[in-house]
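**Q** Sending over a structure as structure tokens; questions will come in a sec.
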Amino acid sequence: MIYSRIVGTGSYLPKRVVTNDELAQTVDTSDEWIVSRTGIRARHMSNAEETSSYMGYQASLRALEAAKLSAQDLNMIIVATTTPDKGLPNTACLLQERLGITDIPAFDITVACAGFVYALSVADQYIRTGMVKTILVVGVDVLTAVTNWQDRNTCVLFGDGAGVVILQAADKPGIVSTHLHADGRQKDSLYIPSLLPGQRCEDELPYIHMEGKEVFKFAVKALGQVVEEILAANGLNQDAIDWLIPHQANLRIITATAEKLKLPMDKVVVTVDKHANTSAASVPLALDEAVRDGRIKRGQTLLLEAIGGGFVWGAALIIY
Ligand code: UT7
């Protein structure tokens with residue numbers, strides 16, 4: 001059997017940090033409200049140079065260094081992003097060019113906040129079938145660029161960043177299984193009307209629109225189900241999980257999923273307080289942080305999960 005093993009992780013956060021108090025100077029909100037409803041205390045906000053391909057590049061350099069590989073060793077690039085630098089070329093091609101390599105497949109997938117889990121799953125299929133040996137999997141978003149800074153319902157929730165893993169073929173797991181879901185009937189709960197100039201948004205502003213309560217309820221239910229599904233599919237109970245690495249949208253959603261798994265919070269990697277919701281970057285950013293600070297160790301079992309606008313959601317079980 002061929003499995004996909006994580007051989008390196010990396011991440012990048014924009015230099016500028018925006019605290020809740022800073023936001024409260026321009027919009028009717030408070031640190032107390034944001035912390036109590038979401039757990040968010042600060043977020044990183046990119047400047048004009050810190051695009052998705054730039055942040056993906058910086059995170060990729062760190063992952064390559066951790067894996068002791070060079071860019072020439074990569075056989076494929078998959079970028080999960082909803083905020084590409086351009087309409088064309090895709091962000092993966094721009095990242096390939098920044099890395100100074102050519103002639104390997106490079107493509108984006110648009111799966112909102114679940115993008116990284118989806119990208120991991122796609123990459124895993126290529127490696128398991130023996131088609132490709134080494135894949136750069138990137139989750140990156142610049143949601144602050146599509147945020148309405150007058151809308152207190154959404155602008156306090158998002159931040160920017162990139163997270164990367166390098167997957168490589170191995171004879172032991174690795175990725176044990178991935179489980180993906182989507183429900184397009186929920187298209188009106190969380191959406192961005194358009195990223196394309198010239199495309200009509202009807203009367204809507206081209207920013208993130210969100211029915212917060214609906215998203216919250218759906219997220220708690222869907223994530224609770226998918227973590228149960230992945231344990232059942234692998235004949236495991238929650239004691240097998242060393243670390244839950246959840247999508248970082250709201251501390252209350254994270255806590256609800258941990259409770260469903262009966263996992264104590266000291267087995268949950270939490271970055272939402274510092275990063276807010278970085279969409280496709282949130283899970284690999286959290287993973288990289290816990291790998292680098294030594295919490296996650298080789299041989300441990302990780303459960304990753306995420307949900308985003310669509311709705312789209314999924315989970316991955318990984319032996320690190
Ligand atoms: O990646 C997936 C994407 N997103 C998510 O997972 C987010 C899911 N949703 C949530 O995290 C929560 O629903 C929110 C954090 C967005 C909102 O929390 P909530 O407990 O559901 O609050 P709410 O929507 O019920 O709003 C309560 C009140 C409202 O005022 P009224 O109508 O009760 O007078 C809002 O206008 O809080 C008000 N409010 C705010 N007040 C201060 C909404 N945003 C703010 C704010 N500051 N930033």
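Letters A, B, ... mark the chains of the structure tokens in the order given; residue numbers begin at 1 per chain; ligand numbers begin at 1, in order shown.
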Show me which residues sit within 8 Å of ligand 1 when counting only C-alpha atoms and all ligand atoms, and put them as a PyMOL selection string.
**A** chain A and resi 27-30+33-34+37-38+112-114+151-157+190+210-217+219+247-250+252-253+277+279+306-309
**Q** For segment 316-320 of chain A, work out the shell of residues within 10 Å, counting only C-alpha atoms and skipping chain neighbours fewer than 3 positions away, then give it as JSON, numbers by chain.
**A** {"A": [4, 5, 6, 7, 117, 118, 120, 121, 172, 173, 174, 175, 176, 177, 178, 179, 180, 226, 227, 230, 231, 234, 241, 242, 243, 244, 245, 291, 296, 297, 298, 299, 300, 301, 302, 303, 304, 305, 306]}
**Q** May I have the selected residues written with N, CA, C and O atoms, as a compact mmCIF listing (two decimals), in the first residue's frame?
**A**
```txt
# COMPACT_ATOMS: atom_id res chain seq x y z
N SER A 4 0.02 8.66 2.06
CA SER A 4 0.57 10.02 2.01
C SER A 4 0.98 10.43 3.42
O SER A 4 0.15 10.41 4.33
N ARG A 5 2.23 10.81 3.57
CA ARG A 5 2.72 11.19 4.89
C ARG A 5 3.10 12.67 4.88
O ARG A 5 3.66 13.16 3.88
N ILE A 6 2.83 13.35 5.97
CA ILE A 6 3.24 14.75 6.08
C ILE A 6 4.73 14.79 6.40
O ILE A 6 5.15 14.29 7.44
N VAL A 7 5.52 15.38 5.48
CA VAL A 7 6.97 15.43 5.72
C VAL A 7 7.44 16.83 6.08
O VAL A 7 8.61 17.02 6.44
N VAL A 117 -8.92 20.87 3.80
CA VAL A 117 -9.27 19.46 4.00
C VAL A 117 -9.59 18.82 2.63
O VAL A 117 -9.17 17.68 2.34
N TYR A 118 -10.28 19.56 1.77
CA TYR A 118 -10.54 19.06 0.42
C TYR A 118 -9.22 18.86 -0.35
O TYR A 118 -9.03 17.85 -1.02
N LEU A 120 -6.25 18.38 0.76
CA LEU A 120 -5.53 17.24 1.34
C LEU A 120 -6.08 15.92 0.78
O LEU A 120 -5.33 15.00 0.44
N SER A 121 -7.40 15.87 0.69
CA SER A 121 -8.05 14.66 0.18
C SER A 121 -7.69 14.42 -1.28
O SER A 121 -7.38 13.29 -1.69
N LYS A 172 3.76 3.57 5.15
CA LYS A 172 2.88 3.51 6.33
C LYS A 172 2.06 4.80 6.39
O LYS A 172 2.56 5.85 5.94
N PRO A 173 0.84 4.78 6.98
CA PRO A 173 0.09 6.04 7.09
C PRO A 173 0.81 6.98 8.05
O PRO A 173 1.40 6.48 9.02
N GLY A 174 0.77 8.28 7.86
CA GLY A 174 0.08 9.02 6.88
C GLY A 174 -1.42 9.28 7.09
O GLY A 174 -1.99 9.13 8.15
N ILE A 175 -1.94 9.76 5.99
CA ILE A 175 -3.37 10.05 5.97
C ILE A 175 -4.09 8.71 6.00
O ILE A 175 -3.87 7.85 5.14
N VAL A 176 -4.96 8.54 7.00
CA VAL A 176 -5.70 7.29 7.15
C VAL A 176 -6.95 7.35 6.30
O VAL A 176 -7.24 6.44 5.52
N SER A 177 -7.73 8.43 6.45
CA SER A 177 -8.89 8.62 5.58
C SER A 177 -9.33 10.07 5.60
O SER A 177 -8.99 10.82 6.53
N THR A 178 -10.03 10.45 4.54
CA THR A 178 -10.63 11.79 4.46
C THR A 178 -12.10 11.62 4.11
O THR A 178 -12.46 10.69 3.38
N HIS A 179 -12.94 12.51 4.61
CA HIS A 179 -14.39 12.41 4.41
C HIS A 179 -14.92 13.79 4.06
O HIS A 179 -14.78 14.73 4.86
N LEU A 180 -15.48 13.94 2.86
CA LEU A 180 -15.90 15.25 2.37
C LEU A 180 -17.41 15.30 2.16
O LEU A 180 -18.02 14.31 1.76
N VAL A 226 -19.44 14.74 11.23
CA VAL A 226 -18.31 14.27 10.42
C VAL A 226 -17.20 13.68 11.30
O VAL A 226 -16.51 12.75 10.89
N VAL A 227 -17.04 14.21 12.52
CA VAL A 227 -16.01 13.60 13.38
C VAL A 227 -16.47 12.21 13.86
O VAL A 227 -15.65 11.29 13.99
N ILE A 230 -15.89 9.81 10.86
CA ILE A 230 -14.50 9.41 10.58
C ILE A 230 -14.00 8.41 11.62
O ILE A 230 -13.27 7.47 11.28
N LEU A 231 -14.45 8.56 12.86
CA LEU A 231 -14.06 7.57 13.88
C LEU A 231 -14.71 6.22 13.56
O LEU A 231 -14.03 5.17 13.58
N ASN A 234 -13.18 4.24 10.74
CA ASN A 234 -11.88 3.63 11.04
C ASN A 234 -11.91 2.74 12.28
O ASN A 234 -10.86 2.31 12.76
N ILE A 241 -7.61 9.68 19.58
CA ILE A 241 -7.21 10.99 19.04
C ILE A 241 -6.25 11.70 20.00
O ILE A 241 -6.59 11.96 21.15
N ASP A 242 -5.07 12.02 19.50
CA ASP A 242 -4.13 12.80 20.32
C ASP A 242 -4.41 14.29 20.20
O ASP A 242 -4.25 15.03 21.18
N TRP A 243 -4.77 14.73 18.98
CA TRP A 243 -5.00 16.17 18.77
C TRP A 243 -6.17 16.39 17.82
O TRP A 243 -6.21 15.81 16.73
N LEU A 244 -7.10 17.24 18.23
CA LEU A 244 -8.12 17.76 17.32
C LEU A 244 -7.59 19.10 16.78
O LEU A 244 -7.21 19.98 17.57
N ILE A 245 -7.55 19.21 15.45
CA ILE A 245 -7.10 20.46 14.83
C ILE A 245 -8.28 20.99 14.02
O ILE A 245 -8.46 20.66 12.85
N VAL A 291 2.97 21.80 15.52
CA VAL A 291 4.14 20.99 15.16
C VAL A 291 5.40 21.72 15.62
O VAL A 291 6.29 21.15 16.25
N ILE A 296 2.63 18.60 18.84
CA ILE A 296 2.36 17.45 17.98
C ILE A 296 3.67 16.71 17.72
O ILE A 296 4.65 17.31 17.28
N LYS A 297 3.62 15.40 18.01
CA LYS A 297 4.84 14.58 17.86
C LYS A 297 4.61 13.48 16.83
O LYS A 297 3.47 13.05 16.63
N ARG A 298 5.69 13.01 16.23
CA ARG A 298 5.62 11.92 15.26
C ARG A 298 4.91 10.71 15.86
O ARG A 298 5.13 10.37 17.03
N GLY A 299 4.04 10.11 15.08
CA GLY A 299 3.32 8.92 15.52
C GLY A 299 1.98 9.22 16.16
O GLY A 299 1.17 8.31 16.36
N GLN A 300 1.72 10.51 16.47
CA GLN A 300 0.43 10.85 17.09
C GLN A 300 -0.69 10.89 16.05
O GLN A 300 -0.44 11.10 14.86
N THR A 301 -1.93 10.70 16.55
CA THR A 301 -3.09 10.67 15.66
C THR A 301 -3.81 12.01 15.72
O THR A 301 -4.17 12.50 16.80
N LEU A 302 -4.00 12.60 14.53
CA LEU A 302 -4.59 13.93 14.42
C LEU A 302 -5.94 13.83 13.73
O LEU A 302 -6.10 13.09 12.75
N LEU A 303 -6.89 14.60 14.23
CA LEU A 303 -8.20 14.71 13.56
C LEU A 303 -8.38 16.16 13.13
O LEU A 303 -8.40 17.07 13.96
N LEU A 304 -8.45 16.37 11.82
CA LEU A 304 -8.64 17.71 11.26
C LEU A 304 -10.09 17.82 10.79
O LEU A 304 -10.63 16.85 10.23
N GLU A 305 -10.70 18.98 10.99
CA GLU A 305 -12.06 19.19 10.44
C GLU A 305 -12.25 20.64 10.06
O GLU A 305 -11.58 21.52 10.63
N ALA A 306 -13.15 20.88 9.10
CA ALA A 306 -13.43 22.26 8.69
C ALA A 306 -14.77 22.34 7.98
O ALA A 306 -15.26 21.35 7.42
```
**Q** Extract the full set of helix (DSSP H, G or I) residues from segment 6-36 of chain A according to DSSP on the backbone, and format it as a count of residues only.
**A** 10
**Q** From the list A:Val79, A:Leu167, A:Leu143, A:Met45, which residue is nearest Tyr3 of chain A when using only C-alpha atoms?
**A** A:Leu167
**Q** Find the residues around Ser52 of chain A up to 8 Å (only C-alpha atoms counted), leave out those fewer than 5 positions away in its own chain, and share them as a list of chain:residue names.
**A**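 The residues satisfying every condition are A:Thr81, A:Thr83, A:Pro84, A:Asp85, A:Thr91, A:Val140, A:Asp141, A:Val142, A:Ala162.
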**Q** Using DSSP on the backbone coordinates, identify all residues within segment 116-316 of chain A classified as strand (DSSP E); present the result as number ranges by chain.
**A** A: 134-142, 160-170, 175-182, 190-191, 209-210, 243-246, 301-308, 312-316
**Q** When distances are computed from only C-alpha atoms, which of A:Val17, A:Val268, A:Leu195, A:Ile166 shows the smallest separation from Lys68 of chain A?
**A**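 Counting only C-alpha atoms, the residue closest to Lys68 of chain A is A:Ile166.
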**Q** Between atom CA of Thr9 of chain A and atom CA of His44 of chain A, what is the distance in Å, rounded to a tenth?
**A**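 Value for the atom CA of Thr9 of chain A-atom CA of His44 of chain A distance: 19.6 Å.
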**Q** Could you please determine the separation between atom CA of Ala63 of chain A and atom CA of Val164 of chain A in Å, to one decimal place?
**A**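 Going from atom CA of Ala63 of chain A over to atom CA of Val164 of chain A, I get 6.5 Å.
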**Q** Between atom CA of Leu94 of chain A and atom CA of Arg292 of chain A, what is the distance, to one decimal in Å?
**A** 26.9 Å
**Q** Taking only C-alpha atoms into account, which of A:Gly39, A:Pro246, A:Gly314, A:Gly8 comes nearest Asp183 of chain A?
**A**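 Comparing A:Gly39, A:Pro246, A:Gly314, A:Gly8 against Asp183 of chain A, the winner is A:Gly314.
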**Q** Pick from A:Ile127, A:Ala281, A:Ile2, A:Met55: nearest to Lys15 of chain A, with only C-alpha atoms counted?
**A**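 Of all the options, A:Met55 lies closest to Lys15 of chain A.
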